[in-house]
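Novice: model.pdb (PDB, C-alpha atoms) pasted underneath:
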```
MODEL        1
ATOM      1  CA  ASN A 269      19.332  21.217  18.313
ATOM      2  CA  ASP A 270      17.342  21.433  15.122
ATOM      3  CA  ASP A 271      15.483  18.355  13.971
ATOM      4  CA  THR A 272      14.465  17.566  10.410
ATOM      5  CA  SER A 273      12.336  14.446  10.139
ATOM      6  CA  GLY A 274      10.649  12.666   7.260
ATOM      7  CA  ALA A 275       7.439  14.452   8.201
ATOM      8  CA  GLY A 276       9.239  17.736   7.558
ATOM      9  CA  LEU A 277      10.418  17.162   3.980
ATOM     10  CA  SER A 278       8.173  17.818   1.007
ATOM     11  CA  ALA A 279       8.970  17.907  -2.705
ATOM     12  CA  GLY A 280       7.215  20.085  -5.236
ATOM     13  CA  GLU A 281       8.064  20.476  -8.908
ATOM     14  CA  GLY A 282      11.733  21.403  -9.006
ATOM     15  CA  GLN A 283      12.140  22.300  -5.348
ATOM     16  CA  PHE A 284      11.945  21.009  -1.794
ATOM     17  CA  ALA A 285      10.711  22.347   1.537
ATOM     18  CA  VAL A 286      12.342  21.380   4.832
ATOM     19  CA  VAL A 287      10.961  21.987   8.336
ATOM     20  CA  SER A 288      13.426  22.546  11.187
ATOM     21  CA  SER A 289      12.376  22.713  14.846
ATOM     22  CA  ASN A 290      14.299  23.292  18.068
ATOM     23  CA  PHE A 291      11.556  21.707  20.254
ATOM     24  CA  MET A 292      11.322  24.955  22.236
ATOM     25  CA  GLY A 293       8.493  26.606  20.320
ATOM     26  CA  ALA A 294      10.438  27.701  17.230
ATOM     27  CA  THR A 295      10.041  26.362  13.692
ATOM     28  CA  SER A 296      11.587  27.434  10.409
ATOM     29  CA  ILE A 297      10.763  26.316   6.864
ATOM     30  CA  SER A 298      13.478  26.511   4.207
ATOM     31  CA  LEU A 299      13.217  26.078   0.445
ATOM     32  CA  LEU A 300      15.758  24.112  -1.598
ATOM     33  CA  GLY A 301      16.284  24.059  -5.338
ATOM     34  CA  PRO A 302      16.358  20.918  -7.530
ATOM     35  CA  ASP A 303      20.092  20.528  -6.892
ATOM     36  CA  GLY A 304      19.616  20.600  -3.099
ATOM     37  CA  GLU A 305      21.023  24.098  -2.658
ATOM     38  CA  VAL A 306      19.189  26.313  -0.158
ATOM     39  CA  THR A 307      17.336  29.055  -2.034
ATOM     40  CA  LYS A 308      15.436  30.580   0.898
ATOM     41  CA  PRO A 309      16.891  29.653   4.319
ATOM     42  CA  GLU A 310      14.007  31.123   6.354
ATOM     43  CA  TRP A 311      11.079  31.227   3.976
ATOM     44  CA  VAL A 312       8.485  31.263   6.781
ATOM     45  CA  GLY A 313       8.672  30.336  10.441
ATOM     46  CA  SER A 314       7.892  31.248  14.010
ATOM     47  CA  LYS A 315       9.243  34.769  13.444
ATOM     48  CA  THR A 316       6.948  35.392  10.469
ATOM     49  CA  THR A 317       4.555  38.315  10.949
ATOM     50  CA  ASN A 318       1.443  38.029   8.804
ATOM     51  CA  PRO A 319      -2.033  39.332   9.681
ATOM     52  CA  LYS A 320      -3.620  36.233   8.114
ATOM     53  CA  LEU A 321      -1.456  33.863  10.162
ATOM     54  CA  ARG A 322      -3.488  32.903  13.227
ATOM     55  CA  SER A 323      -0.366  32.583  15.361
ATOM     56  CA  PRO A 324       3.357  31.989  14.803
ATOM     57  CA  LEU A 325       4.174  28.434  13.771
ATOM     58  CA  THR A 326       4.781  26.230  16.802
ATOM     59  CA  GLU A 327       7.448  23.537  17.177
ATOM     60  CA  ASP A 328       5.067  20.711  16.215
ATOM     61  CA  VAL A 329       4.791  21.382  12.470
ATOM     62  CA  VAL A 330       4.779  18.798   9.665
ATOM     63  CA  LEU A 331       4.228  18.915   5.915
ATOM     64  CA  THR A 332       1.905  16.866   3.740
ATOM     65  CA  SER A 333       2.902  13.437   2.398
ATOM     66  CA  VAL A 334       2.023  14.474  -1.170
ATOM     67  CA  SER A 335       2.651  17.811  -2.876
ATOM     68  CA  SER A 336      -0.418  18.216  -5.092
ATOM     69  CA  ASP A 337       0.539  21.606  -6.552
ATOM     70  CA  SER A 338       4.061  23.069  -6.618
ATOM     71  CA  ARG A 339       2.641  26.609  -6.269
ATOM     72  CA  TYR A 340       1.430  25.916  -2.741
ATOM     73  CA  LEU A 341       2.749  24.481   0.529
ATOM     74  CA  THR A 342       0.591  23.197   3.387
ATOM     75  CA  THR A 343       1.659  22.922   7.021
ATOM     76  CA  LEU A 344      -0.062  21.097   9.871
ATOM     77  CA  GLU A 345       0.356  22.288  13.457
ATOM     78  CA  ARG A 346      -0.521  19.033  15.115
ATOM     79  CA  GLY A 347      -0.695  20.109  18.746
ATOM     80  CA  LEU A 348      -3.037  23.049  18.097
ATOM     81  CA  GLY A 349      -5.029  21.464  15.264
ATOM     82  CA  VAL A 350      -4.341  24.044  12.534
ATOM     83  CA  VAL A 351      -3.849  23.568   8.773
ATOM     84  CA  THR A 352      -2.273  26.475   6.831
ATOM     85  CA  ARG A 353      -1.807  26.812   3.076
ATOM     86  CA  PHE A 354       0.905  29.158   1.778
ATOM     87  CA  ASP A 355       1.732  30.597  -1.632
ATOM     88  CA  VAL A 356       5.270  29.366  -2.345
ATOM     89  CA  LYS A 357       6.137  32.441  -4.426
ATOM     90  CA  ASP A 358       5.845  35.013  -1.626
ATOM     91  CA  GLY A 359       4.907  33.080   1.533
ATOM     92  CA  SER A 360       1.459  34.667   1.763
ATOM     93  CA  VAL A 361      -1.252  32.796   3.669
ATOM     94  CA  LEU A 362      -4.021  31.526   1.401
ATOM     95  CA  GLY A 363      -6.151  30.004   4.144
ATOM     96  CA  GLN A 364      -6.226  28.394   7.566
ATOM     97  CA  LEU A 365      -8.416  25.681   9.005
ATOM     98  CA  ARG A 366      -9.098  24.661  12.577
ATOM     99  CA  THR A 367      -9.515  20.874  12.600
ATOM    100  CA  ASP A 368     -11.638  20.864  15.762
ATOM    101  CA  ASP A 369     -13.909  23.255  17.648
ATOM    102  CA  SER A 370     -11.875  23.366  20.866
ATOM    103  CA  PRO A 371     -10.469  26.633  22.291
ATOM    104  CA  GLU A 372      -7.310  27.886  20.594
ATOM    105  CA  ASP A 373      -4.895  26.940  23.380
ATOM    106  CA  ASP A 374      -2.942  23.986  24.707
ATOM    107  CA  GLN A 375      -5.240  23.579  27.715
ATOM    108  CA  ALA A 376      -8.239  22.311  25.744
ATOM    109  CA  ALA A 377      -9.477  18.838  26.677
ATOM    110  CA  PHE A 378      -9.455  17.761  23.026
ATOM    111  CA  HIS A 379      -7.229  18.705  20.125
ATOM    112  CA  SER A 380      -7.706  16.536  17.048
ATOM    113  CA  ASN A 381      -3.974  16.301  16.177
ATOM    114  CA  PRO A 382      -4.127  16.543  12.347
ATOM    115  CA  GLN A 383      -1.452  14.513  10.555
ATOM    116  CA  ASP A 384      -1.866  14.946   6.809
ATOM    117  CA  VAL A 385      -3.854  16.708   4.065
ATOM    118  CA  LEU A 386      -4.728  15.378   0.612
ATOM    119  CA  TYR A 387      -6.104  17.863  -1.927
ATOM    120  CA  VAL A 388      -8.565  16.092  -4.230
ATOM    121  CA  SER A 389     -10.043  18.976  -6.254
ATOM    122  CA  ALA A 390     -10.547  22.742  -6.174
ATOM    123  CA  LYS A 391     -13.394  22.247  -3.716
ATOM    124  CA  SER A 392     -12.365  19.124  -1.800
ATOM    125  CA  ALA A 393      -9.480  18.260   0.528
ATOM    126  CA  TRP A 394      -9.267  15.745   3.353
ATOM    127  CA  VAL A 395      -7.460  15.846   6.715
ATOM    128  CA  SER A 396      -6.521  12.854   8.862
ATOM    129  CA  ARG A 397      -7.260  13.420  12.576
ATOM    130  CA  TRP A 398      -5.102  11.211  14.799
ATOM    131  CA  GLN A 399      -6.709  11.831  18.182
ATOM    132  CA  GLN A 400      -9.969  10.280  19.368
ATOM    133  CA  ASN A 401     -12.120  12.523  21.555
ATOM    134  CA  PRO A 402     -12.305  11.066  25.099
ATOM    135  CA  ALA A 403     -15.849  12.430  25.479
ATOM    136  CA  ALA A 404     -18.212   9.658  24.363
ATOM    137  CA  SER A 405     -21.010  12.209  23.946
ATOM    138  CA  ALA A 406     -19.041  14.395  21.500
ATOM    139  CA  PRO A 407     -20.871  15.176  18.228
ATOM    140  CA  ALA A 408     -19.607  13.368  15.122
ATOM    141  CA  ARG A 409     -17.633  16.388  13.843
ATOM    142  CA  GLU A 410     -15.670  16.424  17.105
ATOM    143  CA  ARG A 411     -14.986  12.716  17.579
ATOM    144  CA  GLY A 412     -11.618  12.554  15.827
ATOM    145  CA  ASN A 413      -9.916   9.292  14.811
ATOM    146  CA  ASP A 414     -11.176   9.978  11.303
ATOM    147  CA  LEU A 415     -10.824  11.832   8.028
ATOM    148  CA  ILE A 416     -12.718  15.111   7.544
ATOM    149  CA  GLU A 417     -13.312  17.138   4.393
ATOM    150  CA  PHE A 418     -12.869  20.873   3.847
ATOM    151  CA  ASN A 419     -13.190  23.247   0.900
ATOM    152  CA  PRO A 420      -9.721  24.555  -0.159
ATOM    153  CA  GLU A 421     -11.279  27.702  -1.646
ATOM    154  CA  SER A 422     -13.135  28.835   1.470
ATOM    155  CA  PHE A 423     -11.129  26.818   4.034
ATOM    156  CA  GLU A 424     -14.377  25.811   5.680
ATOM    157  CA  ARG A 425     -15.255  22.293   6.773
ATOM    158  CA  THR A 426     -17.996  20.350   5.051
ATOM    159  CA  GLU A 427     -20.155  17.845   6.911
ATOM    160  CA  ARG A 428     -18.480  14.851   5.265
ATOM    161  CA  ARG A 429     -16.407  12.548   7.455
ATOM    162  CA  ILE A 430     -14.968   9.016   7.297
ATOM    163  CA  ASP A 431     -15.083   7.388  10.728
ATOM    164  CA  LEU A 432     -12.133   5.032  11.281
ATOM    165  CA  SER A 433     -12.901   4.032  14.863
ATOM    166  CA  GLY A 434     -14.029   0.663  13.501
ATOM    167  CA  LEU A 435     -10.317  -0.066  12.993
ATOM    168  CA  ASN A 436      -9.596   0.279  16.718
ATOM    169  CA  GLU A 437      -8.149  -2.927  18.151
ATOM    170  CA  GLU A 438      -8.347  -4.417  21.644
ATOM    171  CA  ILE A 439      -4.868  -5.412  22.804
ATOM    172  CA  GLU A 440      -3.154  -6.633  25.959
ATOM    173  CA  GLU A 441      -0.461  -4.464  27.493
ATOM    174  CA  GLU A 442       1.739  -4.603  30.548
ATOM    175  CA  GLN A 443       0.611  -2.455  33.497
ATOM    176  CA  PHE A 444       3.148  -1.010  35.954
ATOM    177  CA  ASP A 445       2.841   0.576  39.389
ATOM    178  CA  LYS A 446       4.433   3.890  40.379
ATOM    179  CA  ASP A 447       7.693   2.085  41.155
ATOM    180  CA  GLY A 448       7.871   0.506  37.727
ATOM    181  CA  LYS A 449       6.936  -3.005  38.880
ATOM    182  CA  SER A 450       4.774  -5.083  36.587
ATOM    183  CA  GLN A 451       1.183  -5.599  37.704
ATOM    184  CA  GLY A 452       0.348  -8.017  34.915
ATOM    185  CA  LYS A 453      -1.551  -7.689  31.671
ATOM    186  CA  VAL A 454      -4.598  -5.462  31.143
ATOM    187  CA  LYS A 455      -6.924  -4.861  28.200
ATOM    188  CA  ALA A 456      -6.471  -1.623  26.272
ATOM    189  CA  THR A 457      -7.702  -0.023  23.052
ATOM    190  CA  ALA A 458      -5.240   0.631  20.251
ATOM    191  CA  PHE A 459      -6.925   3.502  18.406
ATOM    192  CA  ALA A 460      -6.714   3.590  14.607
ATOM    193  CA  SER A 461      -5.133   7.087  14.721
ATOM    194  CA  PRO A 462      -4.896   7.670  10.943
ATOM    195  CA  ASN A 463      -1.775   9.345   9.640
ATOM    196  CA  ALA A 464      -0.679   9.696   5.980
ATOM    197  CA  ILE A 465      -3.210   9.975   3.124
ATOM    198  CA  VAL A 466      -1.878   9.095  -0.350
ATOM    199  CA  PRO A 467      -3.784   8.637  -3.633
ATOM    200  CA  VAL A 468      -3.702   5.160  -5.138
ATOM    201  CA  ALA A 469      -5.619   3.697  -8.101
ATOM    202  CA  GLY A 470      -8.416   6.271  -7.908
ATOM    203  CA  PHE A 471      -8.828   5.874  -4.162
ATOM    204  CA  ALA A 472      -6.664   6.814  -1.159
ATOM    205  CA  ALA A 473      -4.419   4.749   1.097
ATOM    206  CA  VAL A 474      -4.434   5.765   4.758
ATOM    207  CA  GLY A 475      -1.702   4.747   7.180
ATOM    208  CA  ILE A 476      -3.065   3.328  10.447
ATOM    209  CA  THR A 477      -0.957   3.920  13.564
ATOM    210  CA  GLY A 478      -2.935   1.635  15.904
ATOM    211  CA  ILE A 479      -1.753   3.062  19.230
ATOM    212  CA  SER A 480      -3.020   2.886  22.822
ATOM    213  CA  GLU A 481      -2.958   5.692  25.389
ATOM    214  CA  SER A 482       0.114   4.000  26.890
ATOM    215  CA  TYR A 483       1.930   4.001  23.532
ATOM    216  CA  ASN A 484       1.576   0.326  22.803
ATOM    217  CA  TYR A 485       0.600  -0.848  19.337
ATOM    218  CA  GLY A 486      -1.892  -3.157  17.705
ATOM    219  CA  PRO A 487      -1.217  -5.124  14.497
ATOM    220  CA  GLY A 488      -0.207  -3.247  11.341
ATOM    221  CA  LYS A 489      -2.979  -2.063   9.016
ATOM    222  CA  LEU A 490      -3.517  -0.012   5.874
ATOM    223  CA  ALA A 491      -6.924   1.448   5.061
ATOM    224  CA  ILE A 492      -8.236   2.052   1.533
ATOM    225  CA  VAL A 493     -10.920   4.752   1.322
ATOM    226  CA  ASP A 494     -13.134   6.196  -1.405
ATOM    227  CA  LEU A 495     -12.992   9.958  -0.851
ATOM    228  CA  GLU A 496     -15.612  10.671  -3.509
ATOM    229  CA  ARG A 497     -18.179   8.576  -1.648
ATOM    230  CA  ALA A 498     -16.661   9.290   1.792
ATOM    231  CA  LYS A 499     -16.442   5.589   2.576
ATOM    232  CA  LEU A 500     -13.972   3.065   4.004
ATOM    233  CA  LEU A 501     -13.555   0.333   1.383
ATOM    234  CA  HIS A 502     -10.961  -2.142   2.623
ATOM    235  CA  THR A 503      -8.514  -2.776   5.427
ATOM    236  CA  LEU A 504      -5.290  -4.599   4.627
ATOM    237  CA  ALA A 505      -3.669  -6.551   7.461
ATOM    238  CA  LEU A 506       0.131  -6.174   7.537
ATOM    239  CA  GLU A 507       1.448  -9.241   9.303
ATOM    240  CA  GLY A 508       4.190  -9.054  11.908
ATOM    241  CA  VAL A 509       4.531  -5.260  11.970
ATOM    242  CA  ALA A 510       3.083  -2.298  13.884
ATOM    243  CA  ASN A 511       2.816   1.492  13.805
ATOM    244  CA  CYS A 512       2.156   1.709  10.045
ATOM    245  CA  GLY A 513       1.167   5.359   9.731
ATOM    246  CA  GLU A 514       3.739   6.359   7.095
ATOM    247  CA  VAL A 515       2.625   5.998   3.453
ATOM    248  CA  ARG A 516       4.308   7.419   0.338
ATOM    249  CA  PRO A 517       3.544   7.276  -3.390
ATOM    250  CA  VAL A 518       5.630   5.200  -5.805
ATOM    251  CA  PRO A 519       7.013   7.467  -8.579
ATOM    252  CA  GLY A 520       5.594   6.486 -11.949
ATOM    253  CA  ASP A 521       3.153   3.955 -10.488
ATOM    254  CA  ASP A 522      -0.214   5.360  -9.403
ATOM    255  CA  LYS A 523      -1.478   1.906  -8.438
ATOM    256  CA  SER A 524       1.069   1.309  -5.669
ATOM    257  CA  VAL A 525       2.207   2.915  -2.420
ATOM    258  CA  ILE A 526       5.041   2.329   0.035
ATOM    259  CA  VAL A 527       4.016   1.736   3.652
ATOM    260  CA  GLY A 528       6.513   2.358   6.431
ATOM    261  CA  CYS A 529       5.914   0.501   9.706
ATOM    262  CA  ILE A 530       8.084   1.944  12.453
ATOM    263  CA  GLY A 531       7.402  -0.762  15.023
ATOM    264  CA  ALA A 532       6.874  -0.472  18.759
ATOM    265  CA  TYR A 533       9.063   1.338  21.258
ATOM    266  CA  GLY A 534      11.834  -0.903  22.553
ATOM    267  CA  ASP A 535      11.273  -3.792  20.134
ATOM    268  CA  GLN A 536      14.642  -3.255  18.425
ATOM    269  CA  GLY A 537      12.968  -3.161  15.008
ATOM    270  CA  ALA A 538      11.291  -6.550  15.391
ATOM    271  CA  ARG A 539       7.912  -5.139  14.309
ATOM    272  CA  GLY A 540       9.255  -2.629  11.779
ATOM    273  CA  GLY A 541       9.376  -2.951   8.013
ATOM    274  CA  LEU A 542       8.464  -1.632   4.563
ATOM    275  CA  PHE A 543       5.663  -2.858   2.310
TER
ENDMDL
END
```
As structure tokens, how would this structure be written, given the file I've shared?

Specialist:
Amino acid sequence: NDDTSGAGLSAGEGQFAVVSSNFMGATSISLLGPDGEVTKPEWVGSKTTNPKLRSPLTEDVVLTSVSSDSRYLTTLERGLGVVTRFDVKDGSVLGQLRTDDSPEDDQAAFHSNPQDVLYVSAKSAWVSRWQQNPAASAPARERGNDLIEFNPESFERTERRIDLSGLNEEIEEEQFDKDGKSQGKVKATAFASPNAIVPVAGFAAVGITGISESYNYGPGKLAIVDLERAKLLHTLALEGVANCGEVRPVPGDDKSVIVGCIGAYGDQGARGGLF
């Protein structure tokens, strides 16, 4: 069964790209025209053979929240930590980036789980890394739970990074034994786990997931960062909601964004909402 989610739909000038996955290792990207008609049903995908493509696209592929240039399309393979930029005209690979230094396999202790890319200039782009490295002694470039910069021309990382671990939140969550019986409340860390990056008023809005290792959520937050100075500026508290990683631009209004808070598992939408 193919799945097309919001993370797999991107609009460029006059066309759309849609990601379909069967959750069994296969992904296909299709292109649609301005009227919604399919123009290229299998533009690139897991069957694509290209010497510049590190490996076939896996099933865990998403597209960027913002299409900065209709000539290009960027994919993020979250599980393996790989960003790929394609030329829309012919599907050629323009560059690939590993978002962590771990081995290129699923058995690595740490994969940074990239969620989004925002291209700022010809020499600057930023990636949100959702996962926090469990190794406390990891060097800064390998800590995750942050934004990192790379050069879109060379597809090499710079040393600039915005640490968002200060937005981690201590929460209480229910603990269960192996039989599913409650053992009471325990303290846990809801990691910031940044998701979407969207430009707003000369800065960037970053969606904060706020999730624990047991998939419980802290209070909703939105971070405002200055990418030019590589600095966290403000954190906006979003009352009564959780899991606020989805951010989208408002057409015609570069001073506003829409924030989607999905809520917690099993809460029947009680902590979900739009801002």

Novice: Would you kindly translate the PyMOL selection byres ((chain A and resi 333) around 9) into the concrete residues it picks from this file, as a PDB file with C-alpha atoms, in the frame of the given file?

Specialist:
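Okay, expr.pdb is ready:
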```pdb
ATOM      1  CA  ALA A 275       7.439  14.452   8.201  1.00  0.00           C
ATOM      2  CA  LEU A 277      10.418  17.162   3.980  1.00  0.00           C
ATOM      3  CA  SER A 278       8.173  17.818   1.007  1.00  0.00           C
ATOM      4  CA  LEU A 331       4.228  18.915   5.915  1.00  0.00           C
ATOM      5  CA  THR A 332       1.905  16.866   3.740  1.00  0.00           C
ATOM      6  CA  VAL A 334       2.023  14.474  -1.170  1.00  0.00           C
ATOM      7  CA  SER A 335       2.651  17.811  -2.876  1.00  0.00           C
ATOM      8  CA  ASP A 384      -1.866  14.946   6.809  1.00  0.00           C
ATOM      9  CA  VAL A 385      -3.854  16.708   4.065  1.00  0.00           C
ATOM     10  CA  LEU A 386      -4.728  15.378   0.612  1.00  0.00           C
ATOM     11  CA  ALA A 464      -0.679   9.696   5.980  1.00  0.00           C
ATOM     12  CA  ILE A 465      -3.210   9.975   3.124  1.00  0.00           C
ATOM     13  CA  VAL A 466      -1.878   9.095  -0.350  1.00  0.00           C
ATOM     14  CA  GLU A 514       3.739   6.359   7.095  1.00  0.00           C
ATOM     15  CA  VAL A 515       2.625   5.998   3.453  1.00  0.00           C
ATOM     16  CA  ARG A 516       4.308   7.419   0.338  1.00  0.00           C
ATOM     17  CA  PRO A 517       3.544   7.276  -3.390  1.00  0.00           C
TER      18      PRO A 517
END
```

Novice: Applying 7 Å and only C-alpha atoms, which residues near Leu542 of chain A remain after dropping the ones on its own chain fewer than 5 positions away? List them as an NGL selection string.

Specialist: :A and (526-529)

Novice: Using all atoms listed in the file, pick whichever of A:Asp368, A:Glu421, A:Glu305, A:Asp337 has the shortest atom-to-atom distance to Gln400 of chain A.

Specialist: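 Using all atoms listed in the file, Gln400 of chain A sits closest to A:Asp368.
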
Novice: Using only C-alpha atoms, which residues sit within 8 Å of segment 350-357 of chain A once same-chain residues fewer than 4 positions away are excluded, as a PDB file with C-alpha atoms, in the frame of the given file?

Specialist:
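The file below, out.pdb, is the result:
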```pdb
ATOM      1  CA  SER A 338       4.061  23.069  -6.618  1.00  0.00           C
ATOM      2  CA  ARG A 339       2.641  26.609  -6.269  1.00  0.00           C
ATOM      3  CA  TYR A 340       1.430  25.916  -2.741  1.00  0.00           C
ATOM      4  CA  LEU A 341       2.749  24.481   0.529  1.00  0.00           C
ATOM      5  CA  THR A 342       0.591  23.197   3.387  1.00  0.00           C
ATOM      6  CA  THR A 343       1.659  22.922   7.021  1.00  0.00           C
ATOM      7  CA  LEU A 344      -0.062  21.097   9.871  1.00  0.00           C
ATOM      8  CA  GLU A 345       0.356  22.288  13.457  1.00  0.00           C
ATOM      9  CA  ARG A 346      -0.521  19.033  15.115  1.00  0.00           C
ATOM     10  CA  VAL A 361      -1.252  32.796   3.669  1.00  0.00           C
ATOM     11  CA  LEU A 362      -4.021  31.526   1.401  1.00  0.00           C
ATOM     12  CA  GLY A 363      -6.151  30.004   4.144  1.00  0.00           C
ATOM     13  CA  GLN A 364      -6.226  28.394   7.566  1.00  0.00           C
ATOM     14  CA  LEU A 365      -8.416  25.681   9.005  1.00  0.00           C
ATOM     15  CA  ARG A 366      -9.098  24.661  12.577  1.00  0.00           C
ATOM     16  CA  THR A 367      -9.515  20.874  12.600  1.00  0.00           C
ATOM     17  CA  PRO A 382      -4.127  16.543  12.347  1.00  0.00           C
TER      18      PRO A 382
END
```

Novice: Calculated over only C-alpha atoms, which of the candidates A:Ser389, A:Thr477, A:Thr316, A:Ser288 has the smallest distance to Ser360 of chain A?

Specialist: A:Thr316

Novice: Since I can't run it myself right now, could you work out what the PyMOL selection byres ((chain A and resi 391) around 12) selects here and report it as a ChimeraX atom specification?

Specialist: /A:386-390,392-394,417-426,496

Novice: For segment 533-538 of chain A, find every residue with an atom within 12 Å (counting only C-alpha atoms), except residues of its own chain fewer than 6 positions away, and show them as a PyMOL selection string.

Specialist: chain A and resi 479+482-485+507-511

Novice: When you look at Val454 of chain A with a cut-off of 9 Å (counting only C-alpha atoms), what residues show up, excluding the ones that are within fewer than 2 positions of it in the same chain? I need them as a list in words.

Specialist: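 Here the qualifying residues turn out to be Ile439, Glu440, Glu441, Glu442, Gln443, Gln451, Gly452 and Ala456 of chain A.
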
Novice: I'd like the interatomic distance between atom CA of Ser336 of chain A and atom CA of Val287 of chain A, to a tenth of an Å.

Specialist: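 If I compute the distance from atom CA of Ser336 of chain A to atom CA of Val287 of chain A, I get 18.0 Å.
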